file input-v6.pdb (PDB, C-alpha atoms and all ligand atoms)
ATOM      1  CA  MET G 190     159.645 151.707 103.388
ATOM      2  CA  PRO G 191     162.439 149.306 102.364
ATOM      3  CA  LEU G 192     166.072 150.243 102.738
ATOM      4  CA  ILE G 193     168.219 149.586  99.703
ATOM      5  CA  GLU G 194     171.973 149.526  99.915
ATOM      6  CA  ALA G 195     173.077 152.056  97.295
ATOM      7  CA  ARG G 196     176.553 150.592  96.844
ATOM      8  CA  ASN G 197     175.448 146.999  96.318
ATOM      9  CA  LEU G 198     172.866 147.348  93.575
ATOM     10  CA  PRO G 199     172.623 144.628  90.936
ATOM     11  CA  ASN G 200     174.093 145.930  87.703
ATOM     12  CA  HIS G 201     171.703 144.097  85.397
ATOM     13  CA  VAL G 202     168.179 143.074  86.385
ATOM     14  CA  GLY G 203     166.025 140.897  84.133
ATOM     15  CA  ILE G 204     162.275 140.559  84.655
ATOM     16  CA  ILE G 205     159.913 137.840  83.462
ATOM     17  CA  MET G 206     156.641 139.765  83.528
ATOM     18  CA  ASP G 207     154.070 137.047  84.142
ATOM     19  CA  GLY G 208     150.458 137.093  85.260
ATOM     20  CA  ASN G 209     148.702 139.554  82.938
ATOM     21  CA  GLY G 210     146.156 136.992  81.759
ATOM     22  CA  ARG G 211     145.294 135.818  85.275
ATOM     23  CA  TRP G 212     145.014 139.422  86.488
ATOM     24  CA  ALA G 213     142.368 140.026  83.813
ATOM     25  CA  GLN G 214     140.569 136.707  84.350
ATOM     26  CA  LEU G 215     140.276 137.376  88.090
ATOM     27  CA  ARG G 216     138.351 140.534  87.201
ATOM     28  CA  GLY G 217     136.245 138.939  84.496
ATOM     29  CA  HIS G 218     138.028 140.938  81.780
ATOM     30  CA  ALA G 219     139.532 139.826  78.478
ATOM     31  CA  ARG G 220     143.244 138.870  78.643
ATOM     32  CA  VAL G 221     144.183 141.950  76.657
ATOM     33  CA  GLU G 222     143.044 144.132  79.585
ATOM     34  CA  GLY G 223     145.694 142.410  81.677
ATOM     35  CA  HIS G 224     148.329 143.249  79.085
ATOM     36  CA  ARG G 225     147.137 146.880  79.023
ATOM     37  CA  GLU G 226     147.488 147.125  82.790
ATOM     38  CA  GLY G 227     150.797 145.278  82.430
ATOM     39  CA  SER G 228     152.150 147.988  80.183
ATOM     40  CA  ARG G 229     151.330 150.546  82.907
ATOM     41  CA  ALA G 230     153.431 148.422  85.249
ATOM     42  CA  VAL G 231     156.256 148.537  82.698
ATOM     43  CA  ARG G 232     156.197 152.357  82.847
ATOM     44  CA  ARG G 233     156.301 152.302  86.676
ATOM     45  CA  ILE G 234     159.156 149.828  86.877
ATOM     46  CA  VAL G 235     161.279 151.538  84.224
ATOM     47  CA  ARG G 236     160.916 154.813  86.138
ATOM     48  CA  ALA G 237     161.674 153.205  89.498
ATOM     49  CA  SER G 238     164.725 151.402  88.086
ATOM     50  CA  ARG G 239     166.113 154.598  86.625
ATOM     51  CA  ARG G 240     165.549 156.491  89.889
ATOM     52  CA  LEU G 241     167.247 153.735  91.809
ATOM     53  CA  GLY G 242     170.292 153.872  89.565
ATOM     54  CA  LEU G 243     170.170 150.429  87.933
ATOM     55  CA  ARG G 244     172.539 150.271  84.973
ATOM     56  CA  ALA G 245     170.596 147.737  82.914
ATOM     57  CA  LEU G 246     167.030 146.462  82.935
ATOM     58  CA  THR G 247     165.907 143.696  80.556
ATOM     59  CA  LEU G 248     162.188 143.013  80.235
ATOM     60  CA  TYR G 249     160.851 139.799  78.727
ATOM     61  CA  ALA G 250     158.044 141.414  76.760
ATOM     62  CA  PHE G 251     157.370 138.795  74.064
ATOM     63  CA  SER G 252     158.912 135.369  73.695
ATOM     64  CA  GLU G 253     159.597 133.539  70.453
ATOM     65  CA  GLN G 254     156.960 131.057  71.638
ATOM     66  CA  ASN G 255     154.348 133.820  72.207
ATOM     67  CA  TRP G 256     153.741 134.022  68.425
ATOM     68  CA  ALA G 257     151.634 130.866  68.869
ATOM     69  CA  ARG G 258     149.054 132.742  71.007
ATOM     70  CA  PRO G 259     145.706 133.666  69.424
ATOM     71  CA  GLU G 260     146.137 136.232  66.659
ATOM     72  CA  ASP G 261     144.055 138.919  68.381
ATOM     73  CA  GLU G 262     146.214 138.648  71.530
ATOM     74  CA  VAL G 263     149.421 138.925  69.503
ATOM     75  CA  ASP G 264     148.014 141.949  67.641
ATOM     76  CA  ALA G 265     146.973 143.583  70.912
ATOM     77  CA  LEU G 266     150.442 143.030  72.404
ATOM     78  CA  MET G 267     152.096 144.572  69.344
ATOM     79  CA  ALA G 268     149.763 147.586  69.528
ATOM     80  CA  LEU G 269     150.542 148.032  73.247
ATOM     81  CA  LEU G 270     154.230 147.837  72.524
ATOM     82  CA  ARG G 271     153.913 150.525  69.890
ATOM     83  CA  ASP G 272     151.840 152.723  72.251
ATOM     84  CA  PHE G 273     154.440 152.262  74.981
ATOM     85  CA  LEU G 274     157.320 153.261  72.713
ATOM     86  CA  LEU G 275     155.410 156.297  71.455
ATOM     87  CA  SER G 276     154.259 157.530  74.840
ATOM     88  CA  GLU G 277     157.592 156.891  76.612
ATOM     89  CA  ARG G 278     159.816 158.273  73.878
ATOM     90  CA  SER G 279     160.471 161.633  75.539
ATOM     91  CA  GLU G 280     160.730 160.094  79.026
ATOM     92  CA  ILE G 281     163.378 157.700  77.677
ATOM     93  CA  LEU G 282     165.336 160.398  75.838
ATOM     94  CA  ASP G 283     165.095 162.990  78.635
ATOM     95  CA  ASN G 284     166.336 160.559  81.271
ATOM     96  CA  GLY G 285     169.431 159.265  79.557
ATOM     97  CA  ILE G 286     167.952 155.835  78.891
ATOM     98  CA  ARG G 287     169.295 153.788  75.996
ATOM     99  CA  LEU G 288     166.480 151.728  74.487
ATOM    100  CA  ASN G 289     167.572 148.437  73.044
ATOM    101  CA  ALA G 290     165.796 145.343  71.725
ATOM    102  CA  VAL G 291     167.018 141.752  71.541
ATOM    103  CA  GLY G 292     165.448 138.761  69.852
ATOM    104  CA  ASN G 293     164.231 138.042  66.376
ATOM    105  CA  ILE G 294     163.423 141.703  65.707
ATOM    106  CA  GLY G 295     162.959 141.052  61.981
ATOM    107  CA  LYS G 296     159.709 139.206  62.798
ATOM    108  CA  LEU G 297     158.089 142.235  64.436
ATOM    109  CA  PRO G 298     155.375 143.988  62.442
ATOM    110  CA  GLY G 299     156.005 147.316  60.699
ATOM    111  CA  ILE G 300     153.867 149.230  63.209
ATOM    112  CA  VAL G 301     156.370 148.315  65.933
ATOM    113  CA  ARG G 302     159.537 148.686  63.850
ATOM    114  CA  ALA G 303     158.451 152.173  62.770
ATOM    115  CA  VAL G 304     158.734 153.429  66.354
ATOM    116  CA  LEU G 305     161.289 150.998  67.760
ATOM    117  CA  ASP G 306     164.069 151.584  65.225
ATOM    118  CA  PRO G 307     164.185 155.406  65.489
ATOM    119  CA  LEU G 308     164.077 155.264  69.291
ATOM    120  CA  ARG G 309     166.942 152.780  69.346
ATOM    121  CA  ASP G 310     168.966 155.093  67.107
ATOM    122  CA  ASP G 311     168.050 158.314  68.876
ATOM    123  CA  SER G 312     168.842 156.939  72.327
ATOM    124  CA  SER G 313     171.981 155.049  71.332
ATOM    125  CA  ALA G 314     174.357 157.558  72.970
ATOM    126  CA  SER G 315     172.513 157.591  76.311
ATOM    127  CA  THR G 316     174.474 156.160  79.196
ATOM    128  CA  GLU G 317     172.431 156.313  82.412
ATOM    129  CA  MET G 318     170.565 153.038  82.003
ATOM    130  CA  THR G 319     170.029 150.525  79.213
ATOM    131  CA  LEU G 320     166.448 149.357  78.892
ATOM    132  CA  THR G 321     166.359 146.208  76.789
ATOM    133  CA  LEU G 322     163.100 144.785  75.524
ATOM    134  CA  ALA G 323     163.346 141.075  74.772
ATOM    135  CA  LEU G 324     161.000 140.736  71.797
ATOM    136  CA  SER G 325     160.432 137.577  69.841
ATOM    137  CA  TYR G 326     163.190 136.387  72.149
ATOM    138  CA  GLY G 327     164.251 132.910  73.200
ATOM    139  CA  GLY G 328     167.343 131.985  75.198
ATOM    140  CA  ARG G 329     167.915 128.717  73.309
ATOM    141  CA  GLU G 330     167.429 130.517  69.991
ATOM    142  CA  GLU G 331     170.041 133.100  71.044
ATOM    143  CA  ILE G 332     172.542 130.380  71.970
ATOM    144  CA  ALA G 333     171.892 128.607  68.654
ATOM    145  CA  ALA G 334     172.405 131.863  66.708
ATOM    146  CA  ALA G 335     175.724 132.495  68.482
ATOM    147  CA  ALA G 336     176.802 128.908  67.750
ATOM    148  CA  ARG G 337     175.914 129.353  64.068
ATOM    149  CA  GLU G 338     178.015 132.522  63.922
ATOM    150  CA  LEU G 339     180.977 130.724  65.457
ATOM    151  CA  ALA G 340     180.543 127.761  63.117
ATOM    152  CA  SER G 341     180.625 129.948  60.039
ATOM    153  CA  GLU G 342     183.694 131.840  61.320
ATOM    154  CA  VAL G 343     185.472 128.511  61.829
ATOM    155  CA  LYS G 344     184.346 127.295  58.409
ATOM    156  CA  ASP G 345     185.727 130.462  56.757
ATOM    157  CA  GLY G 346     189.012 130.093  58.634
ATOM    158  CA  ARG G 347     188.474 133.299  60.656
ATOM    159  CA  LEU G 348     188.436 131.400  63.952
ATOM    160  CA  ARG G 349     190.179 128.246  65.187
ATOM    161  CA  PRO G 350     188.036 125.526  66.811
ATOM    162  CA  GLU G 351     190.023 125.954  70.035
ATOM    163  CA  ASP G 352     188.893 129.608  70.138
ATOM    164  CA  VAL G 353     185.281 128.516  70.534
ATOM    165  CA  THR G 354     185.278 129.342  74.217
ATOM    166  CA  GLU G 355     182.632 130.159  76.760
ATOM    167  CA  ASP G 356     183.576 133.830  76.331
ATOM    168  CA  ALA G 357     183.497 133.664  72.506
ATOM    169  CA  LEU G 358     179.885 132.486  72.730
ATOM    170  CA  ARG G 359     178.958 135.173  75.234
ATOM    171  CA  ARG G 360     180.375 137.929  73.020
ATOM    172  CA  ARG G 361     177.987 136.877  70.260
ATOM    173  CA  MET G 362     174.890 137.194  72.425
ATOM    174  CA  PRO G 363     173.172 140.573  72.135
ATOM    175  CA  SER G 364     171.322 140.174  75.457
ATOM    176  CA  LEU G 365     174.642 140.027  77.340
ATOM    177  CA  ARG G 366     176.258 143.185  75.958
ATOM    178  CA  VAL G 367     175.169 144.885  79.189
ATOM    179  CA  GLY G 368     176.738 142.055  81.206
ATOM    180  CA  ASP G 369     175.301 138.891  82.692
ATOM    181  CA  PRO G 370     172.103 139.434  84.658
ATOM    182  CA  ASP G 371     172.769 139.679  88.402
ATOM    183  CA  LEU G 372     169.153 139.311  89.411
ATOM    184  CA  ILE G 373     166.230 137.682  87.598
ATOM    185  CA  ILE G 374     162.756 138.471  88.890
ATOM    186  CA  ARG G 375     159.721 136.458  87.872
ATOM    187  CA  THR G 376     156.282 137.706  88.845
ATOM    188  CA  GLY G 377     153.012 135.758  88.805
ATOM    189  CA  GLY G 378     153.860 132.880  91.123
ATOM    190  CA  GLU G 379     155.458 130.384  88.737
ATOM    191  CA  ARG G 380     158.984 129.201  89.513
ATOM    192  CA  ARG G 381     160.571 128.716  86.120
ATOM    193  CA  ILE G 382     162.790 130.527  83.649
ATOM    194  CA  SER G 383     160.815 129.994  80.414
ATOM    195  CA  ASN G 384     163.738 130.356  77.991
ATOM    196  CA  PHE G 385     164.865 133.786  79.295
ATOM    197  CA  LEU G 386     168.563 134.831  79.185
ATOM    198  CA  LEU G 387     169.593 131.185  79.536
ATOM    199  CA  TYR G 388     173.297 131.549  78.904
ATOM    200  CA  GLY G 389     173.784 134.656  81.014
ATOM    201  CA  LEU G 390     171.905 133.589  84.098
ATOM    202  CA  ALA G 391     174.436 130.950  85.159
ATOM    203  CA  TYR G 392     175.187 132.806  88.411
ATOM    204  CA  ALA G 393     172.183 135.126  88.613
ATOM    205  CA  GLU G 394     170.196 135.334  91.802
ATOM    206  CA  LEU G 395     166.556 134.368  91.266
ATOM    207  CA  HIS G 396     163.632 136.120  92.911
ATOM    208  CA  PHE G 397     160.102 134.766  92.498
ATOM    209  CA  SER G 398     157.204 137.009  93.405
ATOM    210  CA  ASP G 399     153.583 135.887  93.700
ATOM    211  CA  THR G 400     152.398 139.343  92.648
ATOM    212  CA  LEU G 401     150.785 139.340  89.210
ATOM    213  CA  TRP G 402     152.695 141.641  86.860
ATOM    214  CA  PRO G 403     149.995 144.331  86.524
ATOM    215  CA  ASP G 404     150.125 144.796  90.331
ATOM    216  CA  PHE G 405     153.930 144.807  90.545
ATOM    217  CA  ASP G 406     155.124 148.186  91.765
ATOM    218  CA  ALA G 407     158.235 150.007  92.917
ATOM    219  CA  VAL G 408     157.996 148.564  96.441
ATOM    220  CA  ASP G 409     157.933 145.020  94.996
ATOM    221  CA  LEU G 410     161.025 145.901  92.988
ATOM    222  CA  TYR G 411     162.789 147.239  96.088
ATOM    223  CA  GLU G 412     161.877 144.075  97.951
ATOM    224  CA  ALA G 413     163.425 141.966  95.200
ATOM    225  CA  ILE G 414     166.584 144.065  95.258
ATOM    226  CA  GLY G 415     166.696 143.963  99.057
ATOM    227  CA  SER G 416     166.496 140.188  98.942
ATOM    228  CA  TYR G 417     169.339 140.140  96.379
ATOM    229  CA  GLN G 418     171.435 142.302  98.677
ATOM    230  CA  ARG G 419     170.989 139.968 101.619
ATOM    231  CA  ARG G 420     172.414 137.025  99.694
ATOM    232  CA  GLU G 421     176.023 135.996  99.408
ATOM    233  CA  ARG G 422     177.096 135.468  95.808
ATOM    234  CA  ARG G 423     179.829 132.883  95.528
ATOM    235  CA  PHE G 424     180.254 132.236  91.775
ATOM    236  CA  GLY G 425     181.278 128.651  92.521
ATOM    237  CA  LEU G 426     183.813 129.664  95.165
ATOM    238  CA  VAL G 427     183.584 128.954  98.877
ATOM    239  CA  GLY G 428     181.643 131.311 101.106
ATOM    240  CA  LYS G 429     182.791 133.516 103.929
ATOM    241  CA  PRO G 430     183.876 131.411 106.899
ATOM    242  CA  ALA G 431     181.007 130.710 109.267
ATOM    243  CA  MET G 432     181.175 131.166 113.032
ATOM    244  CA  PRO G 433     183.335 131.254 115.072
ATOM    245  CA  ASP G 434     185.704 133.016 112.592
ATOM    246  CA  ASP G 435     183.002 135.563 111.798
ATOM    247  CA  LYS G 436     182.746 136.371 115.451
ATOM    248  CA  LEU G 437     186.500 136.867 115.698
ATOM    249  CA  ALA G 438     186.434 139.181 112.706
ATOM    250  CA  LEU G 439     183.856 141.486 114.289
ATOM    251  CA  PRO G 440     185.296 144.902 115.171
ATOM    252  CA  SER G 441     185.060 145.930 118.827
ATOM    253  CA  ALA G 442     182.613 148.768 118.077
ATOM    254  CA  PRO G 443     179.700 148.293 115.633
ATOM    255  CA  PRO G 444     180.308 151.192 113.173
ATOM    256  CA  ALA G 445     177.992 149.734 110.518
ATOM    257  CA  ALA G 446     175.027 150.253 112.794
ATOM    258  CA  ALA G 447     175.860 153.929 113.203
ATOM    259  CA  ASP G 448     176.890 154.692 109.621
ATOM    260  CA  LYS G 449     173.941 154.334 107.296
ATOM    261  CA  SER G 450     175.231 156.720 104.643
ATOM    262  CA  HIS G 451     175.450 153.904 102.105
ATOM    263  CA  LEU G 452     171.780 153.074 102.499
ATOM    264  CA  ARG G 453     169.122 154.573 100.292
ATOM    265  CA  LEU G 454     165.585 155.011 101.553
ATOM    266  CA  VAL G 455     163.174 154.321  98.757
ATOM    267  CA  GLY G 456     159.434 154.439  98.437
TER     268      GLY G 456
HETATM  269  C1  LIG J 501     152.882 137.094  80.400
HETATM  270  O1  LIG J 501     151.606 137.089  81.010
HETATM  271  C2  LIG J 501     153.095 138.362  79.717
HETATM  272  C3  LIG J 501     153.319 138.492  78.386
HETATM  273  C4  LIG J 501     153.359 137.337  77.497
HETATM  274  C5  LIG J 501     153.493 139.800  77.745
HETATM  275  C6  LIG J 501     154.104 140.879  78.564
HETATM  276  C7  LIG J 501     153.590 142.165  78.037
HETATM  277  C8  LIG J 501     153.396 143.293  78.750
HETATM  278  C9  LIG J 501     153.789 143.404  80.148
HETATM  279  C10 LIG J 501     152.735 144.501  78.151
HETATM  280  C11 LIG J 501     153.348 145.053  76.916
HETATM  281  C12 LIG J 501     154.822 145.232  76.971
HETATM  282  C13 LIG J 501     155.486 146.417  76.947
HETATM  283  C14 LIG J 501     156.962 146.422  76.963
HETATM  284  C15 LIG J 501     154.810 147.720  76.898
HETATM  285  P1  LIG J 501     150.576 135.964  80.609
HETATM  286  O2  LIG J 501     149.681 136.521  79.553
HETATM  287  O3  LIG J 501     151.278 134.710  80.230
HETATM  288  O4  LIG J 501     149.813 135.801  81.971
HETATM  289  P2  LIG J 501     149.156 134.472  82.548
HETATM  290  O5  LIG J 501     150.285 133.551  82.909
HETATM  291  O6  LIG J 501     148.431 134.984  83.755
HETATM  292  O7  LIG J 501     148.233 133.940  81.493
END
call {"tool": "encode", "arguments": {"input": "input-v6.pdb", "output": "structure tokens", "more": "lines below"}}
Ligand code: FPP
result
Amino acid sequence: MPLIEARNLPNHVGIIMDGNGRWAQLRGHARVEGHREGSRAVRRIVRASRRLGLRALTLYAFSEQNWARPEDEVDALMALLRDFLLSERSEILDNGIRLNAVGNIGKLPGIVRAVLDPLRDDSSASTEMTLTLALSYGGREEIAAAARELASEVKDGRLRPEDVTEDALRRRMPSLRVGDPDLIIRTGGERRISNFLLYGLAYAELHFSDTLWPDFDAVDLYEAIGSYQRRERRFGLVGKPAMPDDKLALPSAPPAAADKSHLRLVG
């Protein structure tokens, strides 16, 4: 069972859920079966994240580019999304989860909007964890939309060109209202970002797992978080001094070994 350090959790975790199609193909099933199993994994990981105490979880559920997939696959994904929102509604509301969606939401079909919009409204005051579904989402598209907003504010005289700062852009990006992602996980073995949270991930830690998304479980999540916790985040600054200074800084007794109260056993 992995040990997770309770006081050093990432605030915002983003997940690129990849590998549904391959999971199905390996079993001789249609791709949609992989997505169905993938939505079971979504339930597991949302629950595990909430139990762990993550503040924000963003799931890349449907990219802007995914609209180009075969129509029956797109329809199946939309139906699974609707089923997920319907079946998890009470779980989300009862556990203090705020459900949010980012991306080109206007493009989603009515069957999804009919369950998504009320759940967003009804959970809007919840504060334990924000679950964001990136739907019809693209990182470049989000940056372009923020730039358009800034351009029109400058054009109307509401903003000066010199106020077009890195922070002004960030404040116009819905995916970053919960803060920049601290940890990005990609399942399914590929090592790329695929247009996910591009602006926010500047200093995110990246964790690539070979596990196909439908098989990804709580222990895989803990492993990813454990790996995050073992890294030193520097944000462009210099790191902690290496030996021998580290050695000099060691206390005479090793209290950390005795005091494990900050560690959380999960599994
Ligand atoms: C990528 O796998 C996955 C997607 C494009 C969709 C993700 C959807 C789900 C996990 C299920 C529905 C979502 C929710 C929120 C209930 P892929 O099809 O590209 O896999 P491959 O790389 O193996 O082909």
call {"tool": "residues_around", "arguments": {"input": "input-v6.pdb", "residues": "Ile374 of chain G", "least_positions_apart": "3", "cutoff": "6 Å", "atoms": "all atoms listed in the file", "output": "list in words"}}
result
Ile204, His396 and Phe397 of chain G
call {"tool": "residues_near_ligand", "arguments": {"input": "input-v6.pdb", "ligand": "ligand LIG 501 (chain J)", "cutoff": "6 Å", "atoms": "all atoms listed in the file", "output": "list in words"}}
result
Met206, Asp207, Gly208, Asn209, Gly210, Arg211, His224, Gly227, Ser228, Ala250, Phe251, Leu266, Leu269, Leu270 and Phe273 of chain G
call {"tool": "closest_residue", "arguments": {"input": "input-v6.pdb", "among": "G:Val427, G:Ala219, G:Arg240, G:Ile205", "to": "Ile382 of chain G", "atoms": "all atoms listed in the file"}}
result
G:Ile205
call {"tool": "closest_residue", "arguments": {"input": "input-v6.pdb", "among": "G:Ala268, G:Glu421, G:Asn255, G:Arg375", "to": "Asp409 of chain G", "atoms": "all atoms listed in the file"}}
result
G:Arg375
call {"tool": "axis_aligned_box", "arguments": {"input": "input-v6.pdb", "around": "segment 359-371 of chain G", "padding_each_side": "3 Å", "output": "AutoDock Vina command-line options"}}
result
--center_x 175.8 --center_y 140.0 --center_z 79.3 --size_x 15.1 --size_y 15.7 --size_z 24.1
call {"tool": "resolve_selection", "arguments": {"input": "input-v6.pdb", "expression": "the PyMOL selection byres (((chain G and resi 303) around 12) and not hetatm)", "output": "PyMOL selection string"}}
result
chain G and resi 267-268+270-272+274-275+294+297-302+304-310
call {"tool": "resolve_selection", "arguments": {"input": "input-v6.pdb", "expression": "the PyMOL selection byres (((chain G and resi 416) around 10) and not hetatm)", "output": "list in words"}}
result
Ile193, Leu372, Glu394, Leu395, His396, Leu410, Tyr411, Glu412, Ala413, Ile414, Gly415, Tyr417, Gln418, Arg419 and Arg420 of chain G
call {"tool": "write_last_selection", "arguments": {"input": "input-v6.pdb", "atoms": "C-alpha atoms", "output": "CSV table (one decimal), keeping the file's coordinate frame"}}
result
chain,number,residue,atom,x,y,z
G,193,ILE,CA,168.2,149.6,99.7
G,372,LEU,CA,169.2,139.3,89.4
G,394,GLU,CA,170.2,135.3,91.8
G,395,LEU,CA,166.6,134.4,91.3
G,396,HIS,CA,163.6,136.1,92.9
G,410,LEU,CA,161.0,145.9,93.0
G,411,TYR,CA,162.8,147.2,96.1
G,412,GLU,CA,161.9,144.1,98.0
G,413,ALA,CA,163.4,142.0,95.2
G,414,ILE,CA,166.6,144.1,95.3
G,415,GLY,CA,166.7,144.0,99.1
G,417,TYR,CA,169.3,140.1,96.4
G,418,GLN,CA,171.4,142.3,98.7
G,419,ARG,CA,171.0,140.0,101.6
G,420,ARG,CA,172.4,137.0,99.7
call {"tool": "residues_around", "arguments": {"input": "input-v6.pdb", "residues": "Leu390 of chain G", "least_positions_apart": "6", "cutoff": "9 Å", "atoms": "all atoms listed in the file", "output": "PDB file with C-alpha atoms, in the coordinates of the input"}}
result
ATOM      1  CA  ASP G 369     175.301 138.891  82.692  1.00  0.00           C
ATOM      2  CA  PRO G 370     172.103 139.434  84.658  1.00  0.00           C
ATOM      3  CA  ASP G 371     172.769 139.679  88.402  1.00  0.00           C
ATOM      4  CA  LEU G 372     169.153 139.311  89.411  1.00  0.00           C
ATOM      5  CA  ILE G 373     166.230 137.682  87.598  1.00  0.00           C
TER       6      ILE G 373
END
call {"tool": "closest_residue", "arguments": {"input": "input-v6.pdb", "among": "G:Val221, G:Ser279, G:Asp356, G:Val291", "to": "Glu331 of chain G", "atoms": "only C-alpha atoms"}}
result
G:Val291
call {"tool": "residues_around", "arguments": {"input": "input-v6.pdb", "residues": "Glu226 of chain G", "least_positions_apart": "5", "cutoff": "10 Å", "atoms": "only C-alpha atoms", "output": "JSON, numbers by chain"}}
result
{"G": [209, 212, 213, 221, 231, 402, 403, 404]}
call {"tool": "write_last_selection", "arguments": {"input": "input-v6.pdb", "atoms": "C-alpha atoms", "output": "short mmCIF file (atom, residue, chain, number, x, y, z; two decimals), in the frame of the given file"}}
result
data_model
loop_
_atom_site.label_atom_id
_atom_site.label_comp_id
_atom_site.auth_asym_id
_atom_site.auth_seq_id
_atom_site.Cartn_x
_atom_site.Cartn_y
_atom_site.Cartn_z
CA ASN G 209 148.70 139.55 82.94
CA TRP G 212 145.01 139.42 86.49
CA ALA G 213 142.37 140.03 83.81
CA VAL G 221 144.18 141.95 76.66
CA VAL G 231 156.26 148.54 82.70
CA TRP G 402 152.70 141.64 86.86
CA PRO G 403 150.00 144.33 86.52
CA ASP G 404 150.12 144.80 90.33
#
call {"tool": "closest_residue", "arguments": {"input": "input-v6.pdb", "among": "G:Gly368, G:Gly242, G:Gly285, G:Gly223", "to": "Ala265 of chain G", "atoms": "all atoms listed in the file"}}
result
G:Gly223
call {"tool": "resolve_selection", "arguments": {"input": "input-v6.pdb", "expression": "the PyMOL selection byres (((chain G and resi 319) around 7) and not hetatm)", "output": "list in words"}}
result
Arg244, Ala245, Leu246, Ile286, Arg287, Leu288, Asn289, Met318, Leu320 and Thr321 of chain G
call {"tool": "atom_distance", "arguments": {"input": "input-v6.pdb", "atom1": "atom CA of Tyr249 of chain G", "atom2": "atom CA of Gly203 of chain G"}}
result
7.6 Å
call {"tool": "residues_around", "arguments": {"input": "input-v6.pdb", "residues": "Gly378 of chain G", "least_positions_apart": "6", "cutoff": "7 Å", "atoms": "only C-alpha atoms", "output": "PDB file with C-alpha atoms, keeping the file's coordinate frame"}}
result
ATOM      1  CA  PHE G 397     160.102 134.766  92.498  1.00  0.00           C
ATOM      2  CA  SER G 398     157.204 137.009  93.405  1.00  0.00           C
ATOM      3  CA  ASP G 399     153.583 135.887  93.700  1.00  0.00           C
ATOM      4  CA  THR G 400     152.398 139.343  92.648  1.00  0.00           C
TER       5      THR G 400
END
call {"tool": "residues_near_point", "arguments": {"input": "input-v6.pdb", "point": "(158.7, 152.7, 90.0)", "cutoff": "8 Å", "atoms": "only C-alpha atoms", "output": "count of residues only"}}
result
12
call {"tool": "closest_residue", "arguments": {"input": "input-v6.pdb", "among": "G:His218, G:Arg361, G:Leu401, G:Gly328", "to": "Thr376 of chain G", "atoms": "only C-alpha atoms"}}
result
G:Leu401
call {"tool": "atom_distance", "arguments": {"input": "input-v6.pdb", "atom1": "atom CA of Ala257 of chain G", "atom2": "atom CA of Arg220 of chain G"}}
result
15.2 Å
call {"tool": "atom_distance", "arguments": {"input": "input-v6.pdb", "atom1": "atom CA of Glu253 of chain G", "atom2": "atom CA of Ser383 of chain G"}}
result
10.6 Å
call {"tool": "residues_around", "arguments": {"input": "input-v6.pdb", "residues": "Arg422 of chain G", "least_positions_apart": "2", "cutoff": "9 Å", "atoms": "all atoms listed in the file", "output": "list in words"}}
result
Tyr392, Ala393, Glu394, Arg420, Phe424, Gly425, Leu426 and Gly428 of chain G
call {"tool": "closest_residue", "arguments": {"input": "input-v6.pdb", "among": "G:Asp352, G:Glu317, G:Asp345, G:Glu379", "to": "Leu282 of chain G", "atoms": "only C-alpha atoms"}}
result
G:Glu317
call {"tool": "build_atoms", "arguments": {"input": "input-v6.pdb", "residues": "segment 375-383 of chain G", "atoms": "N, CA, C and O atoms", "output": "mmCIF file, in the frame of the given file"}}
result
data_model
loop_
_atom_site.group_PDB
_atom_site.id
_atom_site.type_symbol
_atom_site.label_atom_id
_atom_site.label_comp_id
_atom_site.auth_asym_id
_atom_site.auth_seq_id
_atom_site.Cartn_x
_atom_site.Cartn_y
_atom_site.Cartn_z
ATOM 1 N N ARG G 375 160.897 136.939 88.591
ATOM 2 C CA ARG G 375 159.721 136.458 87.872
ATOM 3 C C ARG G 375 158.497 136.759 88.721
ATOM 4 O O ARG G 375 158.449 136.369 89.891
ATOM 5 N N THR G 376 157.528 137.422 88.144
ATOM 6 C CA THR G 376 156.282 137.706 88.845
ATOM 7 C C THR G 376 155.279 136.598 88.520
ATOM 8 O O THR G 376 155.524 135.742 87.676
ATOM 9 N N GLY G 377 154.135 136.614 89.192
ATOM 10 C CA GLY G 377 153.012 135.758 88.805
ATOM 11 C C GLY G 377 153.021 134.372 89.417
ATOM 12 O O GLY G 377 152.197 133.540 89.036
ATOM 13 N N GLY G 378 153.944 134.109 90.333
ATOM 14 C CA GLY G 378 153.860 132.880 91.123
ATOM 15 C C GLY G 378 154.513 131.636 90.557
ATOM 16 O O GLY G 378 154.712 130.679 91.294
ATOM 17 N N GLU G 379 154.806 131.597 89.273
ATOM 18 C CA GLU G 379 155.458 130.384 88.737
ATOM 19 C C GLU G 379 156.953 130.443 89.040
ATOM 20 O O GLU G 379 157.541 131.519 89.089
ATOM 21 N N ARG G 380 157.547 129.252 89.197
ATOM 22 C CA ARG G 380 158.984 129.201 89.513
ATOM 23 C C ARG G 380 159.726 128.559 88.357
ATOM 24 O O ARG G 380 160.169 127.426 88.444
ATOM 25 N N ARG G 381 159.786 129.242 87.243
ATOM 26 C CA ARG G 381 160.571 128.716 86.120
ATOM 27 C C ARG G 381 161.141 129.875 85.317
ATOM 28 O O ARG G 381 160.761 131.029 85.496
ATOM 29 N N ILE G 382 162.022 129.525 84.378
ATOM 30 C CA ILE G 382 162.790 130.527 83.649
ATOM 31 C C ILE G 382 162.239 130.774 82.240
ATOM 32 O O ILE G 382 162.456 131.842 81.652
ATOM 33 N N SER G 383 161.517 129.811 81.695
ATOM 34 C CA SER G 383 160.815 129.994 80.414
ATOM 35 C C SER G 383 161.699 130.566 79.301
ATOM 36 O O SER G 383 161.295 131.511 78.604
#
